[in-house]
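Trainee: Have a peek at upload.cif (mmCIF, C-alpha atoms and all ligand atoms).
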```
data_work
#
loop_
_atom_site.label_atom_id
_atom_site.label_comp_id
_atom_site.auth_asym_id
_atom_site.auth_seq_id
_atom_site.Cartn_x
_atom_site.Cartn_y
_atom_site.Cartn_z
CA MET A 17 174.31 -374.78 5.56
CA SER A 18 171.96 -374.28 2.58
CA LEU A 19 168.96 -372.01 3.01
CA ARG A 20 166.69 -375.06 2.76
CA GLU A 21 168.55 -376.67 5.67
CA THR A 22 168.28 -373.39 7.58
CA GLU A 23 164.52 -373.33 7.01
CA ASP A 24 164.20 -376.96 8.14
CA GLN A 25 166.28 -376.27 11.23
CA TYR A 26 164.38 -373.19 12.39
CA LEU A 27 160.79 -373.76 11.25
CA LEU A 28 158.49 -376.27 12.94
CA GLN A 29 158.22 -379.34 10.74
CA THR A 30 154.45 -379.15 10.31
CA TYR A 31 154.43 -378.99 6.49
CA VAL A 32 155.33 -381.52 3.82
CA LYS A 33 157.33 -379.55 1.23
CA LYS A 34 158.27 -379.95 -2.39
CA PRO A 35 162.06 -379.84 -2.93
CA ILE A 36 162.12 -376.41 -4.58
CA THR A 37 162.87 -372.87 -3.46
CA ILE A 38 160.40 -370.49 -5.05
CA VAL A 39 161.73 -366.94 -5.26
CA ARG A 40 159.60 -365.13 -7.84
CA GLY A 41 156.15 -365.20 -9.41
CA GLU A 42 154.57 -363.71 -12.51
CA GLY A 43 151.02 -364.44 -13.68
CA VAL A 44 150.44 -368.21 -13.73
CA HIS A 45 154.15 -368.99 -13.32
CA VAL A 46 156.59 -369.15 -10.42
CA PHE A 47 160.37 -369.40 -10.67
CA ASP A 48 162.87 -371.23 -8.47
CA ASP A 49 166.28 -370.03 -7.28
CA LYS A 50 167.89 -371.56 -10.39
CA GLY A 51 165.57 -369.64 -12.71
CA GLN A 52 163.47 -372.71 -13.62
CA ARG A 53 159.86 -371.87 -14.48
CA TYR A 54 156.86 -373.78 -13.07
CA LEU A 55 153.26 -373.60 -14.25
CA ASP A 56 151.31 -372.98 -11.04
CA LEU A 57 147.88 -374.60 -11.32
CA TYR A 58 147.53 -374.42 -7.54
CA ALA A 59 147.76 -370.61 -7.16
CA GLY A 60 150.07 -370.87 -4.16
CA HIS A 61 147.29 -372.77 -2.35
CA ALA A 62 144.24 -371.06 -3.91
CA VAL A 63 145.53 -367.65 -2.87
CA CYS A 64 146.88 -365.93 -5.98
CA GLY A 65 143.54 -365.70 -7.80
CA VAL A 66 144.56 -362.76 -9.99
CA GLY A 67 147.91 -364.43 -10.69
CA HIS A 68 151.28 -363.89 -9.07
CA CYS A 69 152.37 -360.27 -8.60
CA HIS A 70 149.60 -358.69 -10.66
CA PRO A 71 151.02 -355.22 -11.47
CA ARG A 72 147.89 -353.34 -10.25
CA LEU A 73 147.94 -355.23 -6.95
CA VAL A 74 151.66 -354.62 -6.46
CA LYS A 75 151.18 -350.90 -7.22
CA ALA A 76 148.27 -350.54 -4.77
CA ILE A 77 150.18 -352.27 -1.94
CA SER A 78 153.37 -350.31 -2.64
CA GLU A 79 151.56 -346.95 -2.65
CA GLN A 80 149.68 -347.76 0.56
CA ALA A 81 152.91 -348.95 2.24
CA GLY A 82 154.43 -345.55 1.63
CA LYS A 83 151.36 -343.75 3.02
CA LEU A 84 150.15 -345.62 6.12
CA LEU A 85 151.07 -349.22 6.91
CA PHE A 86 148.78 -349.69 9.86
CA PHE A 87 146.46 -348.18 12.36
CA SER A 88 143.90 -350.16 14.33
CA ASN A 89 140.10 -350.12 14.30
CA SER A 90 140.05 -347.53 17.05
CA VAL A 91 140.09 -344.84 14.32
CA TYR A 92 138.45 -344.33 10.93
CA ASN A 93 140.44 -344.81 7.74
CA ASP A 94 139.71 -344.01 4.07
CA ILE A 95 140.97 -347.21 2.42
CA ARG A 96 139.20 -349.40 5.01
CA ALA A 97 135.89 -347.63 4.40
CA LEU A 98 136.18 -348.00 0.62
CA ALA A 99 137.28 -351.66 0.74
CA ALA A 100 134.46 -352.58 3.18
CA GLN A 101 131.87 -350.89 0.97
CA MET A 102 133.22 -352.54 -2.16
CA VAL A 103 133.33 -356.06 -0.71
CA CYS A 104 129.74 -355.81 0.62
CA GLN A 105 128.55 -354.51 -2.75
CA SER A 106 130.40 -357.30 -4.60
CA ALA A 107 129.15 -360.17 -2.43
CA TYR A 108 125.49 -361.24 -1.92
CA PRO A 109 122.39 -359.08 -2.58
CA HIS A 110 121.74 -358.61 1.18
CA SER A 111 125.37 -358.37 2.33
CA SER A 112 125.41 -355.29 4.50
CA GLY A 113 128.41 -355.51 6.83
CA VAL A 114 131.83 -357.10 7.13
CA PHE A 115 134.21 -358.06 9.94
CA PHE A 116 137.88 -358.24 8.96
CA CYS A 117 140.48 -360.61 10.42
CA ASN A 118 143.60 -362.33 9.08
CA SER A 119 142.73 -365.87 8.02
CA GLY A 120 139.99 -368.30 7.10
CA THR A 121 140.20 -370.00 10.47
CA GLU A 122 139.64 -366.77 12.38
CA ALA A 123 136.75 -365.90 10.07
CA ASN A 124 135.01 -369.23 10.74
CA GLU A 125 135.49 -368.92 14.49
CA ALA A 126 134.02 -365.41 14.37
CA ALA A 127 131.07 -366.61 12.27
CA VAL A 128 130.18 -369.41 14.70
CA LYS A 129 130.54 -367.03 17.64
CA ILE A 130 128.29 -364.41 16.02
CA ALA A 131 125.68 -367.05 15.08
CA ARG A 132 125.62 -368.24 18.70
CA ARG A 133 125.25 -364.67 19.94
CA ALA A 134 122.51 -363.88 17.39
CA THR A 135 120.40 -366.96 18.18
CA GLY A 136 121.28 -367.53 21.84
CA ARG A 137 121.64 -371.23 20.94
CA PRO A 138 124.64 -373.52 21.50
CA ARG A 139 124.69 -376.23 18.79
CA VAL A 140 126.14 -376.29 15.28
CA ILE A 141 125.68 -378.72 12.39
CA ALA A 142 128.80 -379.27 10.28
CA MET A 143 129.84 -381.69 7.53
CA GLU A 144 131.71 -384.94 8.16
CA THR A 145 134.38 -384.20 5.54
CA GLY A 146 134.35 -380.42 6.04
CA PHE A 147 137.38 -378.26 6.73
CA HIS A 148 137.14 -374.92 8.50
CA GLY A 149 140.56 -374.43 10.09
CA ARG A 150 143.05 -375.92 12.50
CA THR A 151 142.81 -373.91 15.71
CA MET A 152 140.76 -375.44 18.51
CA GLY A 153 137.53 -373.49 17.90
CA ALA A 154 137.59 -374.08 14.14
CA LEU A 155 138.53 -377.75 14.67
CA SER A 156 135.39 -378.17 16.74
CA VAL A 157 133.34 -377.82 13.52
CA THR A 158 135.89 -379.51 11.21
CA GLY A 159 134.60 -383.03 10.54
CA ASN A 160 137.54 -384.25 8.45
CA PRO A 161 139.07 -386.96 10.68
CA LYS A 162 142.57 -386.55 9.22
CA LEU A 163 142.67 -382.91 10.32
CA ARG A 164 140.82 -383.31 13.63
CA GLY A 165 142.69 -386.27 15.02
CA ASP A 166 141.72 -386.41 18.68
CA PHE A 167 142.39 -382.71 19.27
CA PRO A 168 138.87 -381.36 19.73
CA GLN A 169 138.10 -383.72 22.64
CA ASN A 170 135.28 -381.96 24.46
CA LEU A 171 135.33 -378.85 22.26
CA ASP A 172 133.02 -380.44 19.71
CA ALA A 173 130.40 -381.51 22.25
CA PHE A 174 128.08 -378.95 20.67
CA THR A 175 128.66 -380.04 17.06
CA ASP A 176 126.62 -382.57 15.08
CA PHE A 177 128.35 -383.91 11.99
CA VAL A 178 126.37 -385.05 8.92
CA PRO A 179 127.46 -386.15 5.42
CA PHE A 180 127.82 -383.34 2.85
CA GLY A 181 124.94 -383.29 0.35
CA ASP A 182 122.56 -385.34 2.54
CA PHE A 183 119.60 -383.07 3.23
CA ASP A 184 117.61 -385.79 5.02
CA ALA A 185 120.44 -386.16 7.56
CA ILE A 186 120.34 -382.41 8.27
CA GLU A 187 116.57 -382.39 8.55
CA ALA A 188 116.69 -385.31 10.99
CA THR A 189 119.39 -383.61 13.11
CA LEU A 190 118.23 -379.99 13.22
CA SER A 191 116.65 -378.91 16.51
CA PRO A 192 115.63 -375.62 18.18
CA ASP A 193 119.09 -375.73 19.85
CA HIS A 194 120.97 -375.18 16.59
CA ALA A 195 122.57 -371.77 16.14
CA ALA A 196 124.11 -372.54 12.75
CA ILE A 197 124.79 -374.91 9.91
CA ILE A 198 128.28 -374.45 8.49
CA LEU A 199 129.49 -375.87 5.19
CA GLU A 200 131.78 -375.22 2.25
CA PRO A 201 129.31 -374.78 -0.64
CA VAL A 202 131.78 -376.64 -2.86
CA THR A 203 133.98 -378.95 -0.80
CA SER A 204 137.69 -379.01 -1.51
CA VAL A 205 140.24 -380.55 0.89
CA GLY A 206 137.89 -383.47 1.67
CA GLY A 207 137.45 -384.13 -2.08
CA VAL A 208 135.87 -381.73 -4.58
CA LYS A 209 132.07 -382.04 -4.52
CA VAL A 210 129.08 -379.91 -5.49
CA ALA A 211 125.57 -380.76 -4.26
CA SER A 212 122.33 -380.26 -6.20
CA ARG A 213 120.61 -376.86 -6.50
CA LYS A 214 117.72 -378.38 -4.54
CA TYR A 215 120.09 -379.17 -1.63
CA TYR A 216 121.20 -375.54 -1.23
CA GLU A 217 117.67 -374.18 -1.72
CA SER A 218 116.27 -376.61 0.86
CA LEU A 219 119.04 -375.75 3.32
CA ARG A 220 118.18 -372.08 3.03
CA GLU A 221 114.50 -372.74 3.58
CA LEU A 222 115.13 -375.05 6.54
CA CYS A 223 117.47 -372.57 8.25
CA THR A 224 115.01 -369.71 7.80
CA GLY A 225 112.15 -371.80 9.17
CA ASN A 226 114.16 -372.92 12.21
CA GLY A 227 115.78 -369.54 12.99
CA THR A 228 119.20 -371.13 12.36
CA ALA A 229 122.00 -369.15 10.71
CA LEU A 230 123.36 -370.54 7.44
CA ILE A 231 127.15 -370.11 7.24
CA PHE A 232 128.91 -370.62 3.92
CA ASP A 233 132.64 -371.11 4.34
CA GLU A 234 133.81 -369.46 1.11
CA VAL A 235 137.46 -369.36 2.14
CA GLN A 236 138.31 -371.22 -1.08
CA THR A 237 135.21 -370.61 -3.20
CA GLY A 238 135.10 -366.84 -2.69
CA PHE A 239 136.45 -364.11 -4.96
CA GLY A 240 135.53 -365.64 -8.29
CA ARG A 241 137.06 -369.11 -8.01
CA THR A 242 133.93 -371.07 -8.94
CA GLY A 243 132.89 -368.77 -11.79
CA ARG A 244 130.77 -366.38 -9.68
CA MET A 245 132.08 -363.90 -7.12
CA PHE A 246 130.74 -366.17 -4.34
CA ALA A 247 129.55 -369.73 -4.84
CA GLY A 248 126.01 -369.41 -3.41
CA LEU A 249 125.22 -367.04 -6.30
CA HIS A 250 125.18 -370.06 -8.65
CA TRP A 251 121.97 -371.21 -6.96
CA ASP A 252 120.66 -367.78 -5.81
CA VAL A 253 121.09 -369.04 -2.26
CA GLU A 254 122.34 -366.44 0.18
CA PRO A 255 123.91 -367.40 3.52
CA ASP A 256 123.40 -365.29 6.66
CA LEU A 257 127.15 -365.30 7.18
CA CYS A 258 129.77 -365.84 4.49
CA THR A 259 133.39 -366.34 5.50
CA SER A 260 136.28 -365.82 3.13
CA ALA A 261 140.08 -365.48 3.04
CA LYS A 262 142.73 -367.00 0.73
CA ALA A 263 142.31 -365.10 -2.58
CA ALA A 264 140.59 -362.10 -0.93
CA ALA A 265 143.69 -359.91 -1.06
CA GLY A 266 145.71 -361.84 -3.64
CA GLY A 267 148.44 -362.94 -1.21
CA VAL A 268 148.27 -360.38 1.60
CA PRO A 269 146.81 -362.09 4.70
CA LEU A 270 143.11 -361.25 5.03
CA GLY A 271 140.07 -363.05 6.37
CA MET A 272 136.51 -361.78 6.70
CA VAL A 273 132.93 -362.53 7.68
CA ILE A 274 130.36 -360.89 5.42
CA LEU A 275 126.97 -360.60 7.13
CA SER A 276 123.42 -359.95 6.07
CA GLU A 277 121.45 -357.05 7.49
CA ALA A 278 119.46 -359.29 9.85
CA ILE A 279 122.49 -360.57 11.76
CA ARG A 280 125.10 -357.81 11.52
CA SER A 281 124.17 -356.15 14.79
CA ALA A 282 124.40 -359.39 16.84
CA PRO A 283 127.85 -358.76 18.36
CA ALA A 284 127.86 -355.80 20.73
CA PRO A 285 130.74 -353.26 20.63
CA GLY A 286 133.78 -354.84 22.30
CA GLU A 287 132.44 -358.38 21.96
CA HIS A 288 134.70 -359.34 19.08
CA GLY A 289 137.87 -357.88 17.62
CA CYS A 290 141.16 -358.47 15.84
CA THR A 291 144.16 -356.13 16.05
CA PHE A 292 145.34 -356.57 12.49
CA GLY A 293 141.84 -356.97 10.98
CA GLY A 294 141.20 -354.20 8.47
CA GLY A 295 144.86 -353.12 8.37
CA MET A 296 145.66 -350.67 5.59
CA LEU A 297 147.92 -352.95 3.55
CA ALA A 298 145.28 -355.71 3.44
CA MET A 299 142.56 -353.15 2.64
CA ALA A 300 144.53 -351.66 -0.25
CA ALA A 301 145.11 -355.19 -1.56
CA LEU A 302 141.43 -356.14 -1.18
CA LYS A 303 140.23 -353.05 -3.04
CA ALA A 304 142.73 -353.52 -5.88
CA ASN A 305 141.92 -357.22 -6.06
CA LEU A 306 138.19 -356.53 -6.40
CA GLU A 307 138.87 -353.94 -9.09
CA ILE A 308 141.00 -356.42 -11.06
CA LEU A 309 138.37 -359.19 -10.74
CA ARG A 310 135.72 -356.76 -12.01
CA ASP A 311 137.73 -355.08 -14.80
CA GLU A 312 139.26 -358.30 -16.15
CA LYS A 313 135.97 -360.23 -15.69
CA LEU A 314 137.90 -363.02 -13.99
CA PRO A 315 134.94 -364.90 -12.44
CA GLU A 316 133.40 -365.15 -15.92
CA HIS A 317 136.78 -366.19 -17.32
CA ALA A 318 137.05 -368.93 -14.64
CA ALA A 319 133.69 -370.31 -15.80
CA GLU A 320 134.95 -370.37 -19.41
CA MET A 321 138.20 -372.06 -18.43
CA GLU A 322 136.27 -374.81 -16.63
CA LEU A 323 134.80 -375.75 -20.02
CA VAL A 324 138.28 -375.83 -21.58
CA VAL A 325 139.52 -378.11 -18.76
CA ARG A 326 136.53 -380.44 -19.21
CA ASP A 327 137.03 -380.46 -22.97
CA GLU A 328 140.81 -381.06 -22.94
CA LEU A 329 140.76 -383.69 -20.18
CA GLY A 330 137.70 -385.42 -21.60
CA ALA A 331 140.07 -386.95 -24.16
CA VAL A 332 142.36 -388.48 -21.48
CA PRO A 333 141.14 -392.09 -20.96
CA GLU A 334 142.48 -392.39 -17.38
CA VAL A 335 140.33 -389.43 -16.23
CA LEU A 336 137.11 -390.95 -14.85
CA TYR A 337 135.28 -387.69 -14.18
CA ILE A 338 135.80 -384.06 -13.25
CA SER A 339 133.95 -382.59 -10.26
CA GLY A 340 133.65 -379.01 -9.02
CA LYS A 341 132.94 -375.63 -10.53
CA GLY A 342 134.92 -372.93 -12.29
CA LEU A 343 138.56 -373.34 -11.31
CA LEU A 344 137.98 -375.42 -8.20
CA LEU A 345 138.11 -378.78 -9.94
CA GLY A 346 138.72 -382.36 -8.84
CA ILE A 347 140.13 -384.65 -11.52
CA GLU A 348 139.29 -388.21 -10.56
CA LEU A 349 141.79 -390.69 -12.01
CA GLU A 350 141.53 -394.44 -12.37
CA CYS A 351 144.82 -394.72 -10.42
CA PRO A 352 146.35 -393.11 -7.28
CA ALA A 353 146.96 -389.39 -7.78
CA LYS A 354 150.14 -389.02 -5.70
CA PRO A 355 152.67 -390.51 -8.18
CA VAL A 356 150.97 -388.61 -11.02
CA ILE A 357 151.29 -385.34 -9.08
CA GLU A 358 155.00 -386.11 -8.62
CA GLU A 359 155.43 -386.77 -12.35
CA LEU A 360 153.68 -383.48 -13.11
CA PHE A 361 156.07 -381.78 -10.71
CA HIS A 362 159.04 -383.26 -12.65
CA ARG A 363 157.46 -381.65 -15.71
CA ARG A 364 157.32 -378.38 -13.74
CA ILE A 365 153.57 -378.25 -13.25
CA LEU A 366 152.17 -377.64 -9.76
CA VAL A 367 148.78 -379.11 -8.84
CA GLY A 368 147.23 -380.26 -5.55
CA GLY A 369 146.01 -383.49 -4.04
CA CYS A 370 143.19 -383.99 -1.51
CA ASP A 371 141.71 -386.62 0.78
CA ARG A 372 140.37 -388.63 -2.14
CA PRO A 373 143.38 -390.78 -3.05
CA ASN A 374 142.73 -390.76 -6.81
CA GLN A 375 141.92 -387.07 -7.11
CA ILE A 376 144.07 -384.20 -8.41
CA ARG A 377 142.88 -380.74 -7.38
CA LEU A 378 143.17 -377.83 -9.80
CA LEU A 379 143.04 -374.41 -8.15
CA SER A 380 144.82 -372.34 -10.77
CA PRO A 381 145.00 -368.56 -10.90
CA LEU A 382 141.81 -367.27 -12.53
CA THR A 383 144.00 -365.71 -15.23
CA VAL A 384 144.92 -369.14 -16.66
CA GLN A 385 144.62 -369.37 -20.46
CA PRO A 386 143.64 -372.26 -22.78
CA GLU A 387 147.28 -372.82 -23.78
CA HIS A 388 148.22 -373.47 -20.14
CA ILE A 389 145.38 -375.98 -19.84
CA ARG A 390 146.53 -377.72 -23.04
CA GLU A 391 150.08 -377.82 -21.64
CA PHE A 392 148.69 -379.43 -18.49
CA ALA A 393 146.58 -381.96 -20.43
CA ALA A 394 149.63 -383.08 -22.47
CA ALA A 395 151.79 -383.32 -19.31
CA LEU A 396 149.04 -385.27 -17.54
CA SER A 397 148.93 -387.87 -20.35
CA GLU A 398 152.72 -388.18 -20.23
CA SER A 399 152.68 -388.46 -16.43
CA LEU A 400 149.98 -391.16 -16.49
CA ALA A 401 152.04 -393.10 -19.04
CA ALA A 402 155.17 -392.69 -16.89
CA VAL A 403 153.51 -394.09 -13.74
CA LYS A 404 152.29 -397.12 -15.72
CA GLN A 405 155.82 -398.04 -16.87
CA PRO A 406 157.36 -400.91 -14.89
CA ALA A 407 160.19 -399.57 -12.64
C1 LIG B 501 137.36 -374.16 3.21
C2 LIG B 501 138.45 -373.70 4.12
N1 LIG B 501 138.12 -373.10 5.29
C3 LIG B 501 139.06 -372.65 6.14
C4 LIG B 501 140.40 -372.78 5.85
C5 LIG B 501 141.42 -372.24 6.81
O1 LIG B 501 141.93 -371.06 6.29
P1 LIG B 501 143.31 -370.43 6.84
O2 LIG B 501 144.39 -371.42 6.51
O3 LIG B 501 143.42 -369.13 6.11
O4 LIG B 501 143.16 -370.23 8.29
C6 LIG B 501 140.80 -373.39 4.65
C7 LIG B 501 142.22 -373.54 4.32
O5 LIG B 501 142.62 -374.26 3.45
C8 LIG B 501 139.79 -373.87 3.77
O6 LIG B 501 140.11 -374.46 2.62
#
```
Before anything else, please render the file you have as structure tokens.
Ligand SMILES: Cc1ncc(COP(=O)(O)O)c(C=O)c1O
Mentor:
Amino acid sequence: MSLRETEDQYLLQTYVKKPITIVRGEGVHVFDDKGQRYLDLYAGHAVCGVGHCHPRLVKAISEQAGKLLFFSNSVYNDIRALAAQMVCQSAYPHSSGVFFCNSGTEANEAAVKIARRATGRPRVIAMETGFHGRTMGALSVTGNPKLRGDFPQNLDAFTDFVPFGDFDAIEATLSPDHAAIILEPVTSVGGVKVASRKYYESLRELCTGNGTALIFDEVQTGFGRTGRMFAGLHWDVEPDLCTSAKAAAGGVPLGMVILSEAIRSAPAPGEHGCTFGGGMLAMAALKANLEILRDEKLPEHAAEMELVVRDELGAVPEVLYISGKGLLLGIELECPAKPVIEELFHRRILVGGCDRPNQIRLLSPLTVQPEHIREFAAALSESLAAVKQPA
């Protein structure tokens, strides 16, 4: 039996996979078991922000692994203290505390729970196309019908869904019963979209006036992806709770809720917890990751690379428009994206799709360079020509 057959036999078949076996990564490239090189413009699912196997990240994890792999939150630890301080100081101006867990889903569930505890209110407003995770609690605020299916059943009885970017709909829905509004500041899986500055500013004002917590799900947008460390900084709009995961520790599982001073004391001791949250390996990775982002100015670089993408793809006639910010970009084509993504794969370039049928999603490592973007633009033109050819 081949190892691919072994994986298919023993793993639940919940993922659609590409027919490759990836065994190694370096910077913006990954390599298969035959030594073939792929340009990864998807960052292993928006995770490898500083590139694959960044030497400083690998060194930090290796050193920590030899020192202390794990001890729980029932004791103090040096690397946890330093990483927590650094992430709060790198996030929003009023970020004053952090809760660590293992994934984006757990972070969003914790954020909703804390907002309910802080306000004593039951209801949440979430976006119709939003995605916040797949476990039952996170699904209860995930509007995206493809991901929800009929799973939430009565779990979402306390959620009101509104369209992303529609402030009037939020204003009409918000009541004194609402604990929180949760949204991805730049949407991704549901199609890449950014709202107007006015939308975010008005949301902030409305939440403050109503005593409702504003939760930004920055699981994808956090850690430099949109050209700022966190997306709300583009509009000087600070959430009360900011969740993040994915690129936080460059590939080591880590989720978190970053909280402002006003809300951080809402959960009482013992009211929330996570065994692995704040584990030493993840903390060493987080600290090294933040140092790399700072020293290599990667958020700033992501903002520059967005301009290169817009410039290079502007010359491709089949590209209708490009949405998003930094290196979270949706490339809207005049034709279905799926066959084009397959053609790009044949040319050994990895990109993502999303719920918009004609959209390609670019979520490359932040270390991507103009030559990689030019390589992608040329391969995209070839791929578009290939899908137009009669079979
Ligand atoms: C915006 C957003 N929130 C939450 C999640 C869930 O994160 P995780 O898969 O780490 O649980 C994702 C995953 O893609 C996401 O994109």
Trainee: Can you tell me which residues sit at most 8 Å away from ligand LIG 501 (chain B), counting only C-alpha atoms and all ligand atoms, written as a list in words?
Mentor: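 If we count only C-alpha atoms and all ligand atoms, the neighbours of ligand LIG 501 (chain B) turn out to be His61, Asn118, Ser119, Gly120, Thr121, Glu122, Ala123, Asn124, Gly146, Phe147, His148, Gly149, Arg150, Glu200, Thr203, Ser204, Val205, Asp233, Glu234, Val235, Gln236, Thr237, Ser260, Ala261, Lys262, Pro269, Leu270 and Gly271 of chain A.
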Trainee: Write a file of the selected residues as a PDB file, in the frame of the given file, keeping C-alpha atoms.
Mentor:
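part.pdb written:
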```
ATOM      1  CA  HIS A  61     147.290-372.770  -2.350  1.00  0.00           C
ATOM      2  CA  ASN A 118     143.600-362.330   9.080  1.00  0.00           C
ATOM      3  CA  SER A 119     142.730-365.870   8.020  1.00  0.00           C
ATOM      4  CA  GLY A 120     139.990-368.300   7.100  1.00  0.00           C
ATOM      5  CA  THR A 121     140.200-370.000  10.470  1.00  0.00           C
ATOM      6  CA  GLU A 122     139.640-366.770  12.380  1.00  0.00           C
ATOM      7  CA  ALA A 123     136.750-365.900  10.070  1.00  0.00           C
ATOM      8  CA  ASN A 124     135.010-369.230  10.740  1.00  0.00           C
ATOM      9  CA  GLY A 146     134.350-380.420   6.040  1.00  0.00           C
ATOM     10  CA  PHE A 147     137.380-378.260   6.730  1.00  0.00           C
ATOM     11  CA  HIS A 148     137.140-374.920   8.500  1.00  0.00           C
ATOM     12  CA  GLY A 149     140.560-374.430  10.090  1.00  0.00           C
ATOM     13  CA  ARG A 150     143.050-375.920  12.500  1.00  0.00           C
ATOM     14  CA  GLU A 200     131.780-375.220   2.250  1.00  0.00           C
ATOM     15  CA  THR A 203     133.980-378.950  -0.800  1.00  0.00           C
ATOM     16  CA  SER A 204     137.690-379.010  -1.510  1.00  0.00           C
ATOM     17  CA  VAL A 205     140.240-380.550   0.890  1.00  0.00           C
ATOM     18  CA  ASP A 233     132.640-371.110   4.340  1.00  0.00           C
ATOM     19  CA  GLU A 234     133.810-369.460   1.110  1.00  0.00           C
ATOM     20  CA  VAL A 235     137.460-369.360   2.140  1.00  0.00           C
ATOM     21  CA  GLN A 236     138.310-371.220  -1.080  1.00  0.00           C
ATOM     22  CA  THR A 237     135.210-370.610  -3.200  1.00  0.00           C
ATOM     23  CA  SER A 260     136.280-365.820   3.130  1.00  0.00           C
ATOM     24  CA  ALA A 261     140.080-365.480   3.040  1.00  0.00           C
ATOM     25  CA  LYS A 262     142.730-367.000   0.730  1.00  0.00           C
ATOM     26  CA  PRO A 269     146.810-362.090   4.700  1.00  0.00           C
ATOM     27  CA  LEU A 270     143.110-361.250   5.030  1.00  0.00           C
ATOM     28  CA  GLY A 271     140.070-363.050   6.370  1.00  0.00           C
TER      29      GLY A 271
END
```
Trainee: Check the smallest atom-to-atom distance from each of A:Ser339, A:Gln375, A:Thr175, A:Ser18 to Pro352 in chain A using all atoms listed in the file, then report the winner.
Mentor: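 Going through A:Ser339, A:Gln375, A:Thr175, A:Ser18 one by one, the smallest distance to Pro352 in chain A is for A:Gln375.
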Trainee: Please provide the set of residues having any atom within 8 Å of range 97-101 of chain A, restricted to only C-alpha atoms, with same-chain residues fewer than 2 positions apart removed, written as a list in words.
Mentor: Tyr92, Asn93, Asp94, Ile95, Val103, Cys104, Gln105, Gly113, Val114, Met299, Ala300, Leu302 and Lys303 of chain A
Trainee: Based on the selection just made, write C-alpha atoms of those residues as a PDB file, in the frame of the given file.
Mentor:
```pdb
ATOM      1  CA  TYR A  92     138.450-344.330  10.930  1.00  0.00           C
ATOM      2  CA  ASN A  93     140.440-344.810   7.740  1.00  0.00           C
ATOM      3  CA  ASP A  94     139.710-344.010   4.070  1.00  0.00           C
ATOM      4  CA  ILE A  95     140.970-347.210   2.420  1.00  0.00           C
ATOM      5  CA  VAL A 103     133.330-356.060  -0.710  1.00  0.00           C
ATOM      6  CA  CYS A 104     129.740-355.810   0.620  1.00  0.00           C
ATOM      7  CA  GLN A 105     128.550-354.510  -2.750  1.00  0.00           C
ATOM      8  CA  GLY A 113     128.410-355.510   6.830  1.00  0.00           C
ATOM      9  CA  VAL A 114     131.830-357.100   7.130  1.00  0.00           C
ATOM     10  CA  MET A 299     142.560-353.150   2.640  1.00  0.00           C
ATOM     11  CA  ALA A 300     144.530-351.660  -0.250  1.00  0.00           C
ATOM     12  CA  LEU A 302     141.430-356.140  -1.180  1.00  0.00           C
ATOM     13  CA  LYS A 303     140.230-353.050  -3.040  1.00  0.00           C
TER      14      LYS A 303
END
```
Trainee: With range 392-397 of chain A as the partner and 12 Å as the cut-off, tabulate the residues of range 27-87 of chain A that qualify, each row holding the nearest pair of atoms and their distance in Å to one decimal, using all atoms listed in the file, sorted by chain and rising number, as CSV.
Mentor:
```
residue,atom,partner,partner_atom,distance
A:Tyr54,CA,A:Phe392,CA,11.3
A:Leu55,CA,A:Phe392,CA,8.5
A:Asp56,CA,A:Phe392,CA,10.2
A:Leu57,CA,A:Phe392,CA,8.7
```
Trainee: Could you build a table of the residues in range 320-350 of chain A lying no more than 8 Å from range 243-254 of chain A, giving for each the nearest pair of atoms and their separation in Å rounded to one decimal place, using only C-alpha atoms, ordered by chain and ascending residue number, as CSV?
Mentor:
```
residue,atom,partner,partner_atom,distance
A:Lys341,CA,A:Gly243,CA,7.0
A:Gly342,CA,A:Gly243,CA,4.7
A:Leu343,CA,A:Gly243,CA,7.3
```
Trainee: Check which residues of range 183-268 of chain A sit at most 10 Å from range 277-297 of chain A using all atoms listed in the file, and return one row each with the closest pair of atoms and their distance in Å to one decimal, ordered by chain and rising number, as CSV.
Mentor:
```
residue,atom,partner,partner_atom,distance
A:Ala229,CA,A:Ile279,CA,8.7
A:Asp256,CA,A:Ile279,CA,7.0
A:Leu257,CA,A:Ile279,CA,8.1
A:Ala265,CA,A:Leu297,CA,9.4
A:Val268,CA,A:Leu297,CA,7.7
```
Trainee: Extract, using all atoms listed in the file, all DNA, RNA and protein residues at most 12 Å from Leu382 in chain A, discarding same-chain residues fewer than 2 positions from it, and format them as a PyMOL selection string.
Mentor: chain A and resi 43-44+56-59+62-68+70+237-245+263+266+305+308-309+312-322+342-344+378-380+384-386+388-389
Trainee: Show me the residues close to (129.9, -381.7, -2.7) - anything with an atom within 10 Å, counting only C-alpha atoms - and format the list as a ChimeraX atom specification.
Mentor: /A:145-146,179-182,199-204,206-212,339-340
Trainee: Would you mind exporting the chosen residues as a short mmCIF file (atom, residue, chain, number, x, y, z; two decimals), in the frame of the given file, restricted to C-alpha atoms?
Mentor:
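The new file part_28.cif reads:
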```
data_model
loop_
_atom_site.label_atom_id
_atom_site.label_comp_id
_atom_site.auth_asym_id
_atom_site.auth_seq_id
_atom_site.Cartn_x
_atom_site.Cartn_y
_atom_site.Cartn_z
CA THR A 145 134.38 -384.20 5.54
CA GLY A 146 134.35 -380.42 6.04
CA PRO A 179 127.46 -386.15 5.42
CA PHE A 180 127.82 -383.34 2.85
CA GLY A 181 124.94 -383.29 0.35
CA ASP A 182 122.56 -385.34 2.54
CA LEU A 199 129.49 -375.87 5.19
CA GLU A 200 131.78 -375.22 2.25
CA PRO A 201 129.31 -374.78 -0.64
CA VAL A 202 131.78 -376.64 -2.86
CA THR A 203 133.98 -378.95 -0.80
CA SER A 204 137.69 -379.01 -1.51
CA GLY A 206 137.89 -383.47 1.67
CA GLY A 207 137.45 -384.13 -2.08
CA VAL A 208 135.87 -381.73 -4.58
CA LYS A 209 132.07 -382.04 -4.52
CA VAL A 210 129.08 -379.91 -5.49
CA ALA A 211 125.57 -380.76 -4.26
CA SER A 212 122.33 -380.26 -6.20
CA SER A 339 133.95 -382.59 -10.26
CA GLY A 340 133.65 -379.01 -9.02
#
```
